[in-house]
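Written below as structure tokens is the structure these notes are about.
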Amino acid sequence: MKRYSVFLALVLTFFVVTVAFAGTNYNAQFPAKVTLDGNLNEWGGAEFILVPHDKGTGPAPSDADASLKFAVLADDKWLYVAIDVTDDVIISGETDDWQDDSVEVYIDANHARTETYEDDDAQITIGAASIGGNIQKPKITGSTGAADIGVQAAVVKKTGGWIVESAIPLKCTKWDIKPAVGKVIGFNVHFNDDDDGTGRDHKLIWSDRDTDDASWNNPARFGDLTFIALLTAVQPSGKLATTWGSIK
Ligand SMILES: [Ca+2]
Ligand SMILES: [Ca+2]
Ligand SMILES: [Ca+2]
Ligand SMILES: [Ca+2]
């Protein structure tokens with residue numbers, strides 16, 4: 001019996017570790033303090049997940065050409081998503097943001113994992129077009145009303161790429177998400193990489209379930225995001241004050 005228990009513990013440990021590193025679940029700490037300014041210094045205690053150049057339906061030749069790291073934190077008002085994009089050529093200004101350099105964040109608030117979009121599902125597209133723009137009113141595109149829910153984002157250039165530090169409201173016309181330890185919502189991150197101004201060249205995808213670039217119309221392809229308690233390395237949200245920075 002004891003031997004069986006040890007075996008079971010080993011299997012469970014392997015399962016948990018495997019899940020933690022695969023593109024199926026992200027553990028988002030809360031309540032954390034984040035300042036939207038394009039500087040990710042306060043994100044040091046958050047877990048950044050690498051999406052390498054060959055993870056997705058449109059692989060790139062190298063991580064220097066296209067790759068990203070993302071992390072998620074929350075307080076009681078916002079879901080903060082930081083996406084650190086490595087990209088050799090930054091392109092914006094074509095007709096559609098998804099044909100230019102852009103990241104897409106996907107939310108399935110009720111985690112129903114339906115195969116078509118419900119009202120509580122959204123594709124939130126934030127493009128390089130917002131580099132240096134208004135943090136409170138970035139250009140947001142995407143499906144099912146994502147442009148109207150009040151997403152904020154500091155989008156800045158960096159050496160060899162660009163950074164999106166965004167805040168998605170937890171309460172808006174589409175959903176009312178209340179973070180609690182163990183609560184799960186649907187979540188995914190994509191990167192559209194255009195390097196020549198003639199449409200998208202590469203498509204990177206975090207969720208292991210999205211093997212055919214179908215998240216834009218199928219929430220069942222999203223991964224999971226699980227809220228967990230704050231780890232000590234992350235600054236707590238304090239008095240819930242959110243200090244919005246500005247790009248100099
Ligand atoms: Ca910041
Ligand atoms: Ca590129
Ligand atoms: Ca849903
Ligand atoms: Ca690019």
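Ordering of the structure tokens sets the chain letters (A, B, ...); residue numbers start at 1 within each chain; ligands are numbered from 1 in the order shown.
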Polymer residues at most 9 Å from Asp97 in chain A, only C-alpha atoms, same-chain spacing of 3 or more positions, as a count of residues only: 15
At most 8 Å from ligand 1 (only C-alpha atoms and all ligand atoms): residue list as an NGL selection string: :A and (34-43 or 165)
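Inspection of the environment of ligand 3, which uses only C-alpha atoms and all ligand atoms and a cut-off of 9 Å, identifies the neighbouring residues as A:Ile107, A:Asp108, A:Ala109, A:Asn110, A:His111, A:Ala112, A:Arg113, A:Thr114, A:Thr116, A:Tyr117, A:Glu118, A:Asp119, A:Asp120, A:Asp121, A:Ala122, A:Ile185, A:Gly186, A:Pro219, A:Ala220.
Shortest separation to Asp196 in chain A among A:Ile83, A:Ala71, A:Val89, A:Ala229 occurs at residue A:Val89, atoms counted being only C-alpha atoms.
Of the listed residues A:Ser67, A:Gln29, A:Thr159, A:Thr198, the one whose atoms come nearest to ligand 2 is A:Ser67, with distances taken using only C-alpha atoms and all ligand atoms.
Restricting the atom set to only C-alpha atoms and all ligand atoms, one finds that the residues within 7 Å of ligand 4 amount to Asp87, Asp88, Val89, Ile90, Ile91, Asp101, Asp193, Asp194 and Asp195 of chain A.
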Output of the above residues as a PDB file, in the first residue's frame, restricted to N, CA and C atoms:
ATOM      1  N   ASP A  87      11.096  40.825 -31.877  1.00  0.00           N
ATOM      2  CA  ASP A  87      10.700  40.948 -33.281  1.00  0.00           C
ATOM      3  C   ASP A  87      11.752  41.792 -34.004  1.00  0.00           C
ATOM      4  N   ASP A  88      12.247  41.295 -35.122  1.00  0.00           N
ATOM      5  CA  ASP A  88      13.355  41.970 -35.808  1.00  0.00           C
ATOM      6  C   ASP A  88      12.926  43.204 -36.596  1.00  0.00           C
ATOM      7  N   VAL A  89      11.697  43.206 -37.110  1.00  0.00           N
ATOM      8  CA  VAL A  89      11.193  44.350 -37.887  1.00  0.00           C
ATOM      9  C   VAL A  89       9.781  44.671 -37.400  1.00  0.00           C
ATOM     10  N   ILE A  90       9.542  45.913 -37.003  1.00  0.00           N
ATOM     11  CA  ILE A  90       8.222  46.294 -36.493  1.00  0.00           C
ATOM     12  C   ILE A  90       7.430  46.989 -37.592  1.00  0.00           C
ATOM     13  N   ILE A  91       6.234  46.442 -37.854  1.00  0.00           N
ATOM     14  CA  ILE A  91       5.391  46.947 -38.944  1.00  0.00           C
ATOM     15  C   ILE A  91       3.998  47.274 -38.401  1.00  0.00           C
ATOM     16  N   ASP A 101       2.102  43.700 -37.146  1.00  0.00           N
ATOM     17  CA  ASP A 101       2.569  43.233 -35.845  1.00  0.00           C
ATOM     18  C   ASP A 101       1.498  43.503 -34.796  1.00  0.00           C
ATOM     19  N   ASP A 193       3.147  38.289 -36.617  1.00  0.00           N
ATOM     20  CA  ASP A 193       4.391  38.975 -36.980  1.00  0.00           C
ATOM     21  C   ASP A 193       4.421  39.281 -38.469  1.00  0.00           C
ATOM     22  N   ASP A 194       4.446  40.571 -38.771  1.00  0.00           N
ATOM     23  CA  ASP A 194       4.623  41.043 -40.150  1.00  0.00           C
ATOM     24  C   ASP A 194       5.990  41.713 -40.225  1.00  0.00           C
ATOM     25  N   ASP A 195       6.795  41.358 -41.200  1.00  0.00           N
ATOM     26  CA  ASP A 195       8.135  41.953 -41.311  1.00  0.00           C
ATOM     27  C   ASP A 195       8.371  42.681 -42.626  1.00  0.00           C
TER      28      ASP A 195
END
Close residues, Ala154 in chain A itself excluded, 10 Å, only C-alpha atoms, min 5 positions apart in chain, as a PyMOL selection string: chain A and resi 35-39+82+130-138+163-167+244-247
In range 20-95 of chain A, DSSP strand (DSSP E or B) residues written as a VMD selection string: chain A and resid 25 to 30 32 49 to 51 58 66 to 74 78 to 87
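Put simply, CA of Lys171 in chain A is 29.4 Å away from CA of Lys157 in chain A.
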Residue list (helix (DSSP H, G or I), DSSP) for range 1-233 of chain A, as number ranges by chain: A: 2-21, 41-43, 97-99, 128-130, 146-148, 219-221
Distance query range 75-79 of chain A at most 12 Å, only C-alpha atoms, self and fewer than 4 positions along chain excluded, as an NGL selection string: :A and (28-36 or 71 or 105-107 or 109 or 149-153 or 165-172 or 176-180 or 185 or 187 or 225-230 or 234-242)
Same residues, C-alpha atoms, saved as a PDB file, in the first residue's frame:
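Below you can see out.pdb, which holds the result:
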ATOM      1  CA  ALA A  28      -1.974  34.211 -12.372  1.00  0.00           C
ATOM      2  CA  GLN A  29      -1.100  35.734  -8.991  1.00  0.00           C
ATOM      3  CA  PHE A  30      -3.360  38.256  -7.273  1.00  0.00           C
ATOM      4  CA  PRO A  31      -3.729  40.884  -5.869  1.00  0.00           C
ATOM      5  CA  ALA A  32      -0.601  42.449  -7.382  1.00  0.00           C
ATOM      6  CA  LYS A  33       0.392  46.070  -7.956  1.00  0.00           C
ATOM      7  CA  VAL A  34       1.125  46.922 -11.580  1.00  0.00           C
ATOM      8  CA  THR A  35       1.792  50.311 -13.145  1.00  0.00           C
ATOM      9  CA  LEU A  36       1.037  50.597 -16.858  1.00  0.00           C
ATOM     10  CA  ALA A  71       2.935  36.892 -17.734  1.00  0.00           C
ATOM     11  CA  VAL A 105      -5.249  38.078 -25.820  1.00  0.00           C
ATOM     12  CA  TYR A 106      -8.226  35.751 -25.550  1.00  0.00           C
ATOM     13  CA  ILE A 107     -10.687  35.572 -22.646  1.00  0.00           C
ATOM     14  CA  ALA A 109     -14.818  34.470 -18.735  1.00  0.00           C
ATOM     15  CA  ILE A 149     -14.668  47.178 -22.848  1.00  0.00           C
ATOM     16  CA  GLY A 150     -12.043  49.688 -21.745  1.00  0.00           C
ATOM     17  CA  VAL A 151      -8.803  47.788 -22.216  1.00  0.00           C
ATOM     18  CA  GLN A 152      -5.757  49.940 -21.434  1.00  0.00           C
ATOM     19  CA  ALA A 153      -2.214  49.309 -22.624  1.00  0.00           C
ATOM     20  CA  GLU A 165       1.789  46.038 -20.709  1.00  0.00           C
ATOM     21  CA  SER A 166      -1.991  45.822 -20.724  1.00  0.00           C
ATOM     22  CA  ALA A 167      -4.898  45.906 -18.302  1.00  0.00           C
ATOM     23  CA  ILE A 168      -8.181  44.155 -19.100  1.00  0.00           C
ATOM     24  CA  PRO A 169     -11.103  45.190 -16.882  1.00  0.00           C
ATOM     25  CA  LEU A 170     -12.422  42.367 -14.695  1.00  0.00           C
ATOM     26  CA  LYS A 171     -15.840  44.006 -14.719  1.00  0.00           C
ATOM     27  CA  CYS A 172     -17.289  45.351 -17.957  1.00  0.00           C
ATOM     28  CA  ASP A 176     -17.741  40.211 -14.163  1.00  0.00           C
ATOM     29  CA  ILE A 177     -14.706  38.144 -13.201  1.00  0.00           C
ATOM     30  CA  LYS A 178     -14.005  37.900  -9.471  1.00  0.00           C
ATOM     31  CA  PRO A 179     -10.532  36.485  -8.817  1.00  0.00           C
ATOM     32  CA  ALA A 180     -10.453  33.743  -6.183  1.00  0.00           C
ATOM     33  CA  ILE A 185     -11.065  31.257 -16.938  1.00  0.00           C
ATOM     34  CA  PHE A 187      -7.106  32.351 -21.841  1.00  0.00           C
ATOM     35  CA  LEU A 225      -5.775  30.695 -16.532  1.00  0.00           C
ATOM     36  CA  THR A 226      -5.976  29.825 -12.826  1.00  0.00           C
ATOM     37  CA  PHE A 227      -5.903  32.516 -10.135  1.00  0.00           C
ATOM     38  CA  ILE A 228      -3.469  31.800  -7.309  1.00  0.00           C
ATOM     39  CA  ALA A 229      -2.449  33.692  -4.172  1.00  0.00           C
ATOM     40  CA  LEU A 230       0.331  36.235  -4.432  1.00  0.00           C
ATOM     41  CA  VAL A 234       5.300  40.222  -6.246  1.00  0.00           C
ATOM     42  CA  GLN A 235       4.343  43.607  -4.804  1.00  0.00           C
ATOM     43  CA  PRO A 236       0.828  43.531  -3.348  1.00  0.00           C
ATOM     44  CA  SER A 237      -1.798  45.867  -4.710  1.00  0.00           C
ATOM     45  CA  GLY A 238      -2.018  47.828  -1.446  1.00  0.00           C
ATOM     46  CA  LYS A 239      -4.841  50.335  -1.371  1.00  0.00           C
ATOM     47  CA  LEU A 240      -6.012  49.332  -4.829  1.00  0.00           C
ATOM     48  CA  ALA A 241      -4.600  52.571  -6.174  1.00  0.00           C
ATOM     49  CA  THR A 242      -3.568  52.267  -9.790  1.00  0.00           C
TER      50      THR A 242
END
